[in-house]
file upload.cif (mmCIF, C-alpha atoms and all ligand atoms)
data_entry
loop_
_atom_site.label_atom_id
_atom_site.label_comp_id
_atom_site.auth_asym_id
_atom_site.auth_seq_id
_atom_site.Cartn_x
_atom_site.Cartn_y
_atom_site.Cartn_z
CA MET A 227 12.97 -27.60 -3.83
CA PHE A 228 12.27 -25.50 -6.92
CA ALA A 229 14.95 -22.94 -7.75
CA TYR A 230 12.56 -20.00 -7.27
CA GLU A 231 11.50 -21.26 -3.83
CA PHE A 232 15.16 -21.70 -2.85
CA GLU A 233 16.03 -18.16 -3.96
CA LYS A 234 13.02 -16.72 -2.17
CA ARG A 235 13.85 -18.45 1.12
CA LEU A 236 17.48 -17.44 0.82
CA LEU A 237 16.37 -13.84 0.30
CA VAL A 238 14.03 -13.97 3.31
CA ILE A 239 16.90 -15.28 5.46
CA LEU A 240 19.33 -12.64 4.18
CA LYS A 241 16.71 -9.91 4.74
CA SER A 242 16.13 -10.94 8.32
CA ASN A 243 19.86 -11.07 9.02
CA ARG A 244 20.95 -7.70 7.67
CA HIS A 245 24.40 -6.47 8.80
CA ARG A 246 25.50 -10.02 9.59
CA TYR A 247 27.59 -12.40 7.49
CA LEU A 248 26.11 -15.89 7.24
CA ASP A 249 28.27 -18.76 6.03
CA GLU A 250 27.02 -21.86 4.25
CA GLU A 251 26.49 -23.82 7.45
CA MET A 252 24.50 -21.00 9.05
CA LEU A 253 22.41 -20.51 5.94
CA MET A 254 21.61 -24.21 5.67
CA ARG A 255 20.66 -24.26 9.34
CA GLU A 256 18.32 -21.30 8.80
CA PHE A 257 16.84 -23.09 5.82
CA SER A 258 16.05 -26.20 7.79
CA LEU A 259 14.55 -24.09 10.60
CA SER A 260 12.40 -22.03 8.29
CA GLU A 261 10.84 -24.98 6.47
CA ALA A 262 11.19 -28.76 6.49
CA MET A 263 13.95 -29.28 3.97
CA ASP A 264 16.11 -32.22 3.13
CA PRO A 265 19.65 -30.78 3.34
CA SER A 266 20.98 -33.58 1.15
CA THR A 267 19.05 -32.24 -1.86
CA GLU A 268 20.49 -28.73 -1.60
CA SER A 269 24.20 -28.31 -2.23
CA SER A 270 26.70 -25.51 -1.97
CA GLN A 271 26.49 -25.20 -5.77
CA ASP A 272 22.78 -24.48 -5.37
CA LEU A 273 23.65 -21.81 -2.86
CA ASP A 274 26.28 -20.24 -5.12
CA ARG A 275 23.86 -20.29 -8.03
CA ALA A 276 21.04 -18.74 -5.99
CA ILE A 277 23.36 -15.97 -4.75
CA GLU A 278 24.34 -15.30 -8.37
CA VAL A 279 20.69 -15.22 -9.51
CA LEU A 280 19.84 -12.73 -6.76
CA ARG A 281 22.82 -10.57 -7.70
CA LEU A 282 21.67 -10.57 -11.33
CA GLN A 283 18.30 -9.31 -10.14
CA GLY A 284 19.91 -6.31 -8.50
CA TYR A 285 20.51 -7.55 -4.94
CA GLU A 286 23.88 -6.40 -3.70
CA ILE A 287 25.28 -9.35 -1.75
CA ASP A 288 28.71 -9.11 -0.23
CA GLY A 289 30.86 -12.15 0.39
CA ASP A 290 33.70 -12.12 2.95
CA GLN A 291 36.93 -14.16 2.98
CA THR A 292 35.51 -16.74 5.37
CA GLY A 293 32.73 -17.68 2.93
CA GLY A 294 29.98 -15.64 4.58
CA TRP A 295 27.34 -13.57 2.78
CA THR A 296 25.36 -10.50 3.69
CA LEU A 297 22.73 -8.44 1.91
CA VAL A 298 24.05 -4.91 1.43
CA ASN A 299 21.41 -3.35 -0.83
CA LEU A 300 18.00 -4.14 -2.26
CA PRO A 301 16.77 -3.16 -5.72
CA ASP A 302 13.90 -0.68 -5.65
CA THR A 303 11.81 -2.64 -8.10
CA ILE A 304 8.26 -3.88 -7.99
CA ASN A 305 8.60 -7.56 -8.80
CA TYR A 306 7.15 -10.82 -7.56
CA LEU A 307 10.22 -12.11 -5.71
CA GLU A 308 10.91 -8.83 -3.96
CA ILE A 309 7.31 -8.39 -2.81
CA GLU A 310 6.79 -12.02 -1.81
CA SER A 311 9.98 -12.09 0.24
CA SER A 312 8.99 -8.87 2.06
CA LEU A 313 5.36 -9.43 2.99
CA LYS A 314 4.69 -10.38 6.60
CA THR A 315 0.94 -10.67 6.23
CA THR A 316 -1.00 -13.88 6.71
CA PHE A 317 -3.79 -13.12 4.25
CA LEU A 318 -3.31 -9.93 2.20
CA GLY A 319 -1.09 -10.58 -0.82
CA LYS A 320 -0.91 -14.35 -0.43
CA CYS A 321 -2.19 -14.39 -3.99
CA LEU A 322 -0.01 -11.86 -5.76
CA PHE A 323 0.29 -10.33 -9.23
CA ALA A 324 3.19 -8.00 -9.98
CA TYR A 325 3.24 -6.12 -13.29
CA ARG A 326 5.94 -4.16 -15.01
CA ILE A 327 3.38 -2.06 -16.92
CA ILE A 328 -0.39 -2.19 -16.70
CA GLY A 329 -3.36 0.00 -17.63
CA SER A 330 -4.88 0.16 -14.17
CA THR A 331 -4.45 -2.26 -11.26
CA ASN A 332 -8.05 -1.49 -10.21
CA GLU A 333 -9.35 -2.47 -13.63
CA ALA A 334 -7.25 -5.67 -13.71
CA ALA A 335 -8.36 -6.47 -10.16
CA ARG A 336 -12.00 -6.08 -11.14
CA GLN A 337 -11.53 -8.55 -14.00
CA LEU A 338 -9.72 -11.03 -11.74
CA ALA A 339 -12.37 -10.67 -9.04
CA GLU A 340 -15.10 -11.43 -11.59
CA THR A 341 -13.31 -14.65 -12.51
CA GLY A 342 -13.03 -15.78 -8.89
CA ALA A 343 -9.65 -14.48 -7.60
CA PRO A 344 -9.39 -15.19 -3.87
CA ASP A 345 -10.03 -12.82 -0.99
CA GLY A 346 -6.86 -10.83 -0.25
CA THR A 347 -5.41 -10.95 -3.80
CA LEU A 348 -2.88 -8.16 -4.34
CA LEU A 349 -1.97 -6.51 -7.64
CA VAL A 350 0.98 -4.14 -7.84
CA ALA A 351 2.49 -2.38 -10.83
CA GLU A 352 5.73 -0.57 -11.52
CA GLU A 353 3.85 1.72 -13.89
CA GLN A 354 0.21 2.37 -14.81
CA ARG A 355 -0.67 3.74 -18.23
CA LYS A 356 -4.33 4.38 -17.43
CA GLY A 357 -4.28 4.88 -13.66
CA ARG A 358 -7.74 5.83 -12.42
CA GLY A 359 -8.68 8.38 -9.79
CA ARG A 360 -11.95 9.13 -8.04
CA PHE A 361 -14.80 10.87 -9.87
CA GLY A 362 -13.61 9.64 -13.26
CA GLY A 363 -10.22 11.35 -12.94
CA SER A 364 -6.89 9.88 -13.98
CA TRP A 365 -3.99 9.03 -11.68
CA TYR A 366 -0.42 9.88 -12.62
CA SER A 367 1.53 6.63 -12.11
CA PRO A 368 5.01 6.84 -13.64
CA SER A 369 7.47 3.95 -13.59
CA GLY A 370 9.39 3.72 -10.34
CA GLY A 371 7.58 6.73 -8.88
CA GLY A 372 5.23 5.18 -6.41
CA ILE A 373 3.15 2.37 -5.06
CA TRP A 374 0.27 1.59 -7.41
CA ALA A 375 -1.66 -1.28 -5.90
CA SER A 376 -5.10 -2.87 -5.61
CA LEU A 377 -6.52 -5.48 -3.27
CA ILE A 378 -9.45 -7.76 -3.94
CA LEU A 379 -11.50 -8.19 -0.78
CA ARG A 380 -14.58 -10.27 -0.15
CA PRO A 381 -15.63 -8.92 3.23
CA GLY A 382 -19.08 -10.52 3.54
CA ILE A 383 -20.66 -7.32 4.84
CA ARG A 384 -23.59 -5.23 3.67
CA PRO A 385 -22.79 -2.49 1.12
CA ALA A 386 -23.83 0.15 3.67
CA GLN A 387 -21.05 -1.01 6.03
CA LEU A 388 -18.42 -0.45 3.37
CA GLY A 389 -18.37 3.36 3.57
CA SER A 390 -15.45 3.72 5.97
CA LEU A 391 -13.22 0.95 4.54
CA PRO A 392 -11.33 3.40 2.26
CA MET A 393 -10.71 5.63 5.28
CA LEU A 394 -9.24 2.65 7.09
CA ALA A 395 -6.91 2.19 4.12
CA ALA A 396 -5.93 5.88 4.31
CA LEU A 397 -5.21 5.51 8.03
CA SER A 398 -3.09 2.39 7.43
CA ILE A 399 -1.04 4.27 4.82
CA CYS A 400 -0.59 7.19 7.23
CA LEU A 401 0.62 4.93 10.04
CA ALA A 402 3.06 3.08 7.79
CA VAL A 403 4.43 6.30 6.27
CA GLU A 404 4.91 7.76 9.75
CA GLU A 405 6.86 4.72 10.91
CA HIS A 406 8.84 4.39 7.73
CA THR A 407 9.80 8.02 7.12
CA GLY A 408 8.96 10.06 10.21
CA LEU A 409 6.73 12.27 8.02
CA LYS A 410 3.21 12.97 9.27
CA PRO A 411 0.61 12.96 6.50
CA GLN A 412 -2.98 13.94 7.24
CA ILE A 413 -6.25 12.42 6.07
CA LYS A 414 -8.42 14.61 3.91
CA TRP A 415 -11.97 13.28 4.13
CA PRO A 416 -12.93 10.81 2.89
CA ASN A 417 -9.68 9.06 1.96
CA ASP A 418 -6.92 11.28 0.55
CA LEU A 419 -3.56 11.74 2.19
CA TYR A 420 -2.11 15.23 2.34
CA LEU A 421 1.36 16.35 3.27
CA ASN A 422 2.40 19.99 3.57
CA GLY A 423 -0.92 20.99 2.01
CA LYS A 424 -0.47 18.85 -1.12
CA LYS A 425 -1.86 15.49 -2.14
CA LEU A 426 0.41 12.57 -1.36
CA ALA A 427 -1.86 9.58 -1.90
CA GLY A 428 -5.37 8.55 -2.85
CA VAL A 429 -7.64 5.56 -2.39
CA LEU A 430 -10.13 4.29 -4.94
CA CYS A 431 -12.61 1.73 -3.64
CA GLU A 432 -14.89 0.06 -6.18
CA ALA A 433 -17.59 -2.41 -5.28
CA GLY A 434 -18.68 -5.42 -7.35
CA MET A 435 -22.36 -6.15 -6.75
CA ARG A 436 -24.71 -8.99 -7.54
CA GLY A 437 -28.13 -7.43 -7.15
CA ASP A 438 -28.14 -5.94 -3.65
CA GLU A 439 -25.35 -8.19 -2.49
CA LEU A 440 -21.71 -7.16 -2.24
CA LYS A 441 -19.65 -9.70 -4.20
CA TYR A 442 -16.22 -8.11 -3.79
CA VAL A 443 -14.44 -4.84 -3.26
CA VAL A 444 -11.42 -3.57 -5.15
CA LEU A 445 -9.44 -1.36 -2.82
CA GLY A 446 -6.87 0.54 -4.85
CA PHE A 447 -4.28 2.95 -3.51
CA GLY A 448 -1.72 5.15 -5.12
CA ILE A 449 1.14 6.71 -3.14
CA ASN A 450 3.56 9.22 -4.61
CA VAL A 451 6.85 7.95 -3.23
CA ASN A 452 9.87 8.77 -5.38
CA ILE A 453 8.42 11.25 -7.87
CA GLU A 454 10.90 14.12 -8.03
CA ARG A 455 9.04 16.24 -10.54
CA PHE A 456 5.34 16.31 -11.38
CA PRO A 457 3.88 17.44 -14.69
CA PRO A 458 2.97 21.17 -14.62
CA GLU A 459 -0.77 20.54 -14.11
CA LEU A 460 -0.01 18.65 -10.87
CA SER A 461 3.00 20.47 -9.53
CA PHE A 462 0.97 22.85 -7.32
CA SER A 463 -1.36 20.25 -5.92
CA ALA A 464 0.70 17.05 -5.59
CA THR A 465 3.70 16.00 -3.56
CA SER A 466 5.72 12.86 -2.90
CA LEU A 467 7.61 11.40 0.05
CA VAL A 468 10.97 12.04 -1.54
CA LEU A 469 10.09 15.70 -2.21
CA ALA A 470 8.95 16.16 1.38
CA ARG A 471 12.00 14.45 2.80
CA ALA A 472 14.37 16.03 0.30
CA GLU A 473 16.59 13.00 0.61
CA ARG A 474 17.54 9.84 -1.17
CA LYS A 475 14.85 7.59 -2.61
CA ILE A 476 12.58 5.51 -0.46
CA TYR A 477 12.49 1.72 -0.73
CA ARG A 478 8.93 1.16 -1.92
CA VAL A 479 8.46 -2.55 -1.27
CA GLY A 480 9.35 -2.11 2.42
CA LEU A 481 6.73 0.61 2.69
CA LEU A 482 4.16 -1.50 0.85
CA ALA A 483 4.79 -4.41 3.23
CA ALA A 484 4.33 -2.08 6.23
CA ILE A 485 1.06 -0.72 4.79
CA LEU A 486 -0.32 -4.20 4.21
CA ASP A 487 0.64 -5.20 7.73
CA LYS A 488 -1.30 -2.25 9.21
CA LEU A 489 -4.19 -2.78 6.85
CA GLU A 490 -4.49 -6.48 7.58
CA GLU A 491 -4.55 -5.87 11.32
CA GLY A 492 -7.08 -3.07 10.91
CA TYR A 493 -9.23 -4.97 8.44
CA PHE A 494 -9.85 -7.92 10.77
CA LYS A 495 -10.81 -5.52 13.54
CA PHE A 496 -12.99 -3.51 11.16
CA LEU A 497 -14.89 -6.67 10.17
CA THR A 498 -15.62 -7.63 13.76
CA ASP A 499 -15.97 -4.24 15.53
CA GLY A 500 -16.67 -1.70 12.75
CA PHE A 501 -14.97 1.63 12.24
CA ALA A 502 -15.56 3.43 15.54
CA SER A 503 -12.38 2.22 17.30
CA PHE A 504 -10.24 3.79 14.53
CA LEU A 505 -11.88 7.18 14.87
CA PRO A 506 -9.49 8.75 17.44
CA ARG A 507 -6.51 8.01 15.18
CA VAL A 508 -8.33 9.49 12.20
CA GLN A 509 -9.44 12.58 14.14
CA VAL A 510 -5.90 13.59 15.11
CA ARG A 511 -4.93 13.43 11.42
CA ASP A 512 -8.01 15.24 10.10
CA PHE A 513 -6.76 17.70 7.46
CA LEU A 514 -10.09 19.50 6.94
CA ARG A 515 -11.02 20.10 10.57
CA ASN A 516 -12.24 23.69 11.10
CA ARG A 517 -11.64 24.63 7.48
CA ARG A 518 -14.25 26.37 5.37
CA ILE A 519 -14.99 23.95 2.55
CA LYS A 520 -17.32 23.26 -0.38
CA VAL A 521 -18.60 19.75 -0.97
CA GLN A 522 -20.32 18.45 -4.06
CA LEU A 523 -22.94 15.84 -3.18
CA ALA A 524 -23.84 12.78 -5.27
CA GLY A 525 -26.77 14.58 -6.94
CA GLY A 526 -24.54 17.49 -8.00
CA GLU A 527 -25.71 19.91 -5.28
CA ILE A 528 -22.91 21.95 -3.68
CA VAL A 529 -22.94 22.73 0.04
CA ASP A 530 -20.51 24.93 1.87
CA GLY A 531 -19.68 25.29 5.51
CA VAL A 532 -17.05 24.61 8.13
CA SER A 533 -15.79 21.07 8.59
CA ARG A 534 -16.22 20.05 12.22
CA GLY A 535 -14.71 16.61 12.05
CA ILE A 536 -15.58 13.02 11.25
CA ASP A 537 -18.08 10.78 13.05
CA GLU A 538 -17.90 7.12 14.12
CA ASN A 539 -19.23 6.00 10.73
CA GLY A 540 -16.60 7.93 8.80
CA ALA A 541 -19.06 10.67 7.76
CA LEU A 542 -18.07 14.34 7.57
CA LEU A 543 -19.68 16.77 10.00
CA LEU A 544 -20.35 20.00 8.15
CA GLU A 545 -21.57 23.13 9.91
CA THR A 546 -23.49 25.16 7.36
CA ARG A 547 -24.19 28.88 7.59
CA ALA A 548 -27.88 28.55 6.76
CA GLU A 549 -28.70 26.07 9.50
CA SER A 550 -26.37 26.43 12.41
CA HIS A 551 -26.43 22.72 13.01
CA LEU A 552 -24.17 19.93 11.85
CA ASN A 553 -24.95 18.09 8.61
CA THR A 554 -23.71 14.54 8.39
CA LEU A 555 -22.30 13.81 4.93
CA ALA A 556 -21.77 10.11 4.27
CA GLN A 557 -20.33 10.81 0.81
CA GLY A 558 -19.21 13.76 -1.24
CA HIS A 559 -16.43 15.39 -3.20
CA VAL A 560 -14.60 18.20 -1.45
CA ILE A 561 -14.11 20.68 -4.27
CA GLN A 562 -12.77 23.62 -2.28
CA PHE A 563 -10.86 23.71 1.01
C1 LIG B 1 -7.92 9.42 -6.03
O1 LIG B 1 -8.42 9.97 -7.02
O2 LIG B 1 -7.56 10.08 -5.06
C2 LIG B 1 -7.74 7.92 -5.99
C3 LIG B 1 -6.51 7.49 -6.68
C4 LIG B 1 -6.27 6.00 -6.66
C5 LIG B 1 -5.10 5.58 -7.49
C6 LIG B 1 -4.80 4.13 -7.38
S1 LIG B 1 -3.25 3.70 -8.09
C7 LIG B 1 -3.62 2.01 -7.96
C8 LIG B 1 -5.08 1.85 -8.26
N1 LIG B 1 -5.28 1.64 -9.67
C9 LIG B 1 -5.90 2.68 -10.24
O3 LIG B 1 -6.17 2.77 -11.46
N2 LIG B 1 -6.21 3.59 -9.33
C10 LIG B 1 -5.79 3.18 -8.01
#

call {"tool": "encode", "arguments": {"input": "upload.cif", "output": "C-alpha cells", "more": "lines below"}}
Ligand code: BTN
result
Amino acid sequence: MFAYEFEKRLLVILKSNRHRYLDEEMLMREFSLSEAMDPSTESSQDLDRAIEVLRLQGYEIDGDQTGGWTLVNLPDTINYLEIESSLKTTFLGKCLFAYRIIGSTNEAARQLAETGAPDGTLLVAEEQRKGRGRFGGSWYSPSGGGIWASLILRPGIRPAQLGSLPMLAALSICLAVEEHTGLKPQIKWPNDLYLNGKKLAGVLCEAGMRGDELKYVVLGFGINVNIERFPPELSFSATSLVLARAERKIYRVGLLAAILDKLEEGYFKFLTDGFASFLPRVQVRDFLRNRRIKVQLAGGEIVDGVSRGIDENGALLLETRAESHLNTLAQGHVIQF
C-alpha cells in the first residue's frame, strides 16, 4: 500500500475511534476490515512512521504505556488528507483539489470543468485572493477564516430547472451549521445565509453552456467561519460563526463534510423530484418574509413591496403597493431590506 493511502486509512480509523486507545493489533484488524490488505506487507515500523507523519502534519496523537494510540486534536487546515479522510459522501468530492492559496475556486472550477473534470469535483482553498461574489462583487476570503469551496456538477437538466439549486445549497449549509454549532442561520432569498441580521455565507452558481444546453454548473459557496474581525467596510454587514458563538474556533473540515453530506442527499432528491419538497424547510428559515424590500431586476428596474415568501420553484413572492397582488420574481438582487 502506498504511504499516503496507509496514512489516510490510519487517520480514518483514528477519527472514527475518538476517545479510545487502539493498539497495534486493533489498528491492524481495523485496517484489514476497512479494505482488503495483506497484513504481511505492513509492519509496526510502517505504523510508527505513519503516526509520526500525521503528527508532523499537526495531528495530536497520544500514545499510552500499553502501546495504544488515540487522536486528541485535529489541525484546522484545509488540505487534501484532512478533507479526504473526513468526507462521507459517495459522489461529491470524490475528485478533490485542495489549494493553499488560489484566485477564486469558482474560476478554477470553471477551467477544470471546461477540460472535462468529472461530475462532483470539489475545489477548496485555505485562502482566495480574488474571491468572487454575486453581481460582480468580490468575496473576502482570508486564510483560515472560512470555507471557500466550489463544486462542479453536471446535472443533465434544462437550464430553466437550475434556478433553485443555489437555494438548495443554502439550505444544506443552514442544516449543517445548525447541527454543528446549534446556531440558526436564515436564508435570505435567493441564496444568502444571514445570522443575527448580518451576512454569514453566500452562494455563487455559474452555468457553463453549449448553445442552449447546460454543460456544467459551478456551485461555489463561501462561509465565514473563524473570522474574528472584518475589514471596516464589511464589519456592519458581515458576521462569522465564531463571532456569533463567541467561543473557540470551529473545525472547518468537519463542517464542510457535514455540508457536503446534506447537499449530496438533497441533490439526488432535487434531480428526481425537483425543489418543491425542500420548500417547507426553506420557508421556516425565510429571512425576508413580511419585510418591506427593494429588488433590482435583471433589466435594472427596481421594484419595491413586501416579501410574502418563496414558492415551490424558489421564486420570491412580492406584494407590491401598486397592484395589490403577488408578483413572482424568479431572479433579482435584493438591494434594500
Ligand atoms: C455572494 O456574493 O453572496 C456569493 C459569494 C460566493 C463566494 C464563494 S467563496 C468560494 C467560491 N469562489 C468564489 O470566487 N466565490 C465563491

call {"tool": "residues_around", "arguments": {"input": "upload.cif", "residues": "stretch 315-329 of chain A", "least_positions_apart": "4", "cutoff": "7 Å", "atoms": "all atoms listed in the file", "output": "ChimeraX atom specification"}}
result
/A:304-306,346-357,486-487,490

call {"tool": "residues_near_ligand", "arguments": {"input": "upload.cif", "ligand": "ligand LIG 1 (chain B)", "cutoff": "8 Å", "atoms": "all atoms listed in the file", "output": "PDB file with C-alpha atoms, keeping the file's coordinate frame"}}
result
ATOM      1  CA  GLY A 329      -3.360   0.000 -17.630  1.00  0.00           C
ATOM      2  CA  SER A 330      -4.880   0.160 -14.170  1.00  0.00           C
ATOM      3  CA  THR A 331      -4.450  -2.260 -11.260  1.00  0.00           C
ATOM      4  CA  ASN A 332      -8.050  -1.490 -10.210  1.00  0.00           C
ATOM      5  CA  GLU A 333      -9.350  -2.470 -13.630  1.00  0.00           C
ATOM      6  CA  VAL A 350       0.980  -4.140  -7.840  1.00  0.00           C
ATOM      7  CA  GLN A 354       0.210   2.370 -14.810  1.00  0.00           C
ATOM      8  CA  LYS A 356      -4.330   4.380 -17.430  1.00  0.00           C
ATOM      9  CA  GLY A 357      -4.280   4.880 -13.660  1.00  0.00           C
ATOM     10  CA  ARG A 358      -7.740   5.830 -12.420  1.00  0.00           C
ATOM     11  CA  GLY A 359      -8.680   8.380  -9.790  1.00  0.00           C
ATOM     12  CA  ARG A 360     -11.950   9.130  -8.040  1.00  0.00           C
ATOM     13  CA  PHE A 361     -14.800  10.870  -9.870  1.00  0.00           C
ATOM     14  CA  GLY A 363     -10.220  11.350 -12.940  1.00  0.00           C
ATOM     15  CA  SER A 364      -6.890   9.880 -13.980  1.00  0.00           C
ATOM     16  CA  TRP A 365      -3.990   9.030 -11.680  1.00  0.00           C
ATOM     17  CA  SER A 367       1.530   6.630 -12.110  1.00  0.00           C
ATOM     18  CA  ILE A 373       3.150   2.370  -5.060  1.00  0.00           C
ATOM     19  CA  TRP A 374       0.270   1.590  -7.410  1.00  0.00           C
ATOM     20  CA  ALA A 375      -1.660  -1.280  -5.900  1.00  0.00           C
ATOM     21  CA  SER A 376      -5.100  -2.870  -5.610  1.00  0.00           C
ATOM     22  CA  ASN A 417      -9.680   9.060   1.960  1.00  0.00           C
ATOM     23  CA  ASP A 418      -6.920  11.280   0.550  1.00  0.00           C
ATOM     24  CA  ALA A 427      -1.860   9.580  -1.900  1.00  0.00           C
ATOM     25  CA  GLY A 428      -5.370   8.550  -2.850  1.00  0.00           C
ATOM     26  CA  VAL A 429      -7.640   5.560  -2.390  1.00  0.00           C
ATOM     27  CA  LEU A 430     -10.130   4.290  -4.940  1.00  0.00           C
ATOM     28  CA  LEU A 445      -9.440  -1.360  -2.820  1.00  0.00           C
ATOM     29  CA  GLY A 446      -6.870   0.540  -4.850  1.00  0.00           C
ATOM     30  CA  PHE A 447      -4.280   2.950  -3.510  1.00  0.00           C
ATOM     31  CA  GLY A 448      -1.720   5.150  -5.120  1.00  0.00           C
ATOM     32  CA  ILE A 449       1.140   6.710  -3.140  1.00  0.00           C
TER      33      ILE A 449
END

call {"tool": "residues_around", "arguments": {"input": "upload.cif", "residues": "A:Tyr442", "least_positions_apart": "5", "cutoff": "12 Å", "atoms": "all atoms listed in the file", "output": "list in words"}}
result
Ala335, Arg336, Gln337, Leu338, Ala339, Glu340, Thr341, Gly342, Ala343, Pro344, Asp345, Gly346, Thr347, Leu377, Ile378, Leu379, Arg380, Pro381, Gly382, Ile383, Arg384, Pro385, Leu388, Cys431, Glu432, Ala433, Gly434, Met435 and Arg436 of chain A

call {"tool": "write_last_selection", "arguments": {"input": "upload.cif", "atoms": "C-alpha atoms", "output": "JSON list (two decimals), in the coordinates of the input"}}
result
[["chain", "number", "residue", "atom", "x", "y", "z"],
["A", 335, "ALA", "CA", -8.36, -6.47, -10.16],
["A", 336, "ARG", "CA", -12.00, -6.08, -11.14],
["A", 337, "GLN", "CA", -11.53, -8.55, -14.00],
["A", 338, "LEU", "CA", -9.72, -11.03, -11.74],
["A", 339, "ALA", "CA", -12.37, -10.67, -9.04],
["A", 340, "GLU", "CA", -15.10, -11.43, -11.59],
["A", 341, "THR", "CA", -13.31, -14.65, -12.51],
["A", 342, "GLY", "CA", -13.03, -15.78, -8.89],
["A", 343, "ALA", "CA", -9.65, -14.48, -7.60],
["A", 344, "PRO", "CA", -9.39, -15.19, -3.87],
["A", 345, "ASP", "CA", -10.03, -12.82, -0.99],
["A", 346, "GLY", "CA", -6.86, -10.83, -0.25],
["A", 347, "THR", "CA", -5.41, -10.95, -3.80],
["A", 377, "LEU", "CA", -6.52, -5.48, -3.27],
["A", 378, "ILE", "CA", -9.45, -7.76, -3.94],
["A", 379, "LEU", "CA", -11.50, -8.19, -0.78],
["A", 380, "ARG", "CA", -14.58, -10.27, -0.15],
["A", 381, "PRO", "CA", -15.63, -8.92, 3.23],
["A", 382, "GLY", "CA", -19.08, -10.52, 3.54],
["A", 383, "ILE", "CA", -20.66, -7.32, 4.84],
["A", 384, "ARG", "CA", -23.59, -5.23, 3.67],
["A", 385, "PRO", "CA", -22.79, -2.49, 1.12],
["A", 388, "LEU", "CA", -18.42, -0.45, 3.37],
["A", 431, "CYS", "CA", -12.61, 1.73, -3.64],
["A", 432, "GLU", "CA", -14.89, 0.06, -6.18],
["A", 433, "ALA", "CA", -17.59, -2.41, -5.28],
["A", 434, "GLY", "CA", -18.68, -5.42, -7.35],
["A", 435, "MET", "CA", -22.36, -6.15, -6.75],
["A", 436, "ARG", "CA", -24.71, -8.99, -7.54]]

call {"tool": "residues_around", "arguments": {"input": "upload.cif", "residues": "A:Leu421", "least_positions_apart": "4", "cutoff": "10 Å", "atoms": "all atoms listed in the file", "output": "ChimeraX atom specification"}}
result
/A:409-414,425-427,464-467,470,513

call {"tool": "atom_distance", "arguments": {"input": "upload.cif", "atom1": "atom CA of A:Phe232", "atom2": "atom CA of A:Leu273"}}
result
8.5 Å

call {"tool": "closest_residue", "arguments": {"input": "upload.cif", "among": "A:Leu313, A:Ala472, A:Leu253, A:Ala541", "to": "A:Trp415", "atoms": "only C-alpha atoms"}}
result
A:Ala541

call {"tool": "axis_aligned_box", "arguments": {"input": "upload.cif", "around": "stretch 290-307 of chain A", "padding_each_side": "8 Å", "output": "lines of an AutoDock Vina configuration file"}}
result
center_x = 22.0
center_y = -9.2
center_z = -1.7
size_x = 45.8
size_y = 33.0
size_z = 30.2

call {"tool": "residues_around", "arguments": {"input": "upload.cif", "residues": "A:Gly294", "least_positions_apart": "4", "cutoff": "8 Å", "atoms": "only C-alpha atoms", "output": "list in words"}}
result
Tyr247, Leu248, Asp249, Glu250, Gly289 and Asp290 of chain A

call {"tool": "closest_residue", "arguments": {"input": "upload.cif", "among": "A:Phe228, A:Glu439, A:Ala502, A:Tyr366", "to": "A:Glu459", "atoms": "only C-alpha atoms"}}
result
A:Tyr366

call {"tool": "residues_around", "arguments": {"input": "upload.cif", "residues": "A:Gly500", "least_positions_apart": "3", "cutoff": "10 Å", "atoms": "all atoms listed in the file", "output": "list of chain:residue names"}}
result
A:Gln387, A:Leu388, A:Ser390, A:Leu391, A:Gly492, A:Tyr493, A:Phe494, A:Lys495, A:Phe496, A:Leu497, A:Ser503, A:Phe504, A:Glu538, A:Asn539

call {"tool": "closest_residue", "arguments": {"input": "upload.cif", "among": "A:Phe563, A:Phe501, A:Tyr285, A:Phe257", "to": "A:Gly423", "atoms": "all atoms listed in the file"}}
result
A:Phe563

call {"tool": "atom_distance", "arguments": {"input": "upload.cif", "atom1": "atom CA of A:Ala334", "atom2": "atom CA of A:Gly370"}}
result
19.4 Å

call {"tool": "closest_residue", "arguments": {"input": "upload.cif", "among": "A:Ser270, A:Asn516, A:Ala548, A:Gln522", "to": "A:Arg534", "atoms": "only C-alpha atoms"}}
result
A:Asn516

call {"tool": "atom_distance", "arguments": {"input": "upload.cif", "atom1": "atom CA of A:Phe462", "atom2": "atom CA of A:Tyr420"}}
result
12.7 Å

call {"tool": "closest_residue", "arguments": {"input": "upload.cif", "among": "A:His406, A:Arg474, A:Lys488, A:Arg515", "to": "A:Lys314", "atoms": "all atoms listed in the file"}}
result
A:Lys488
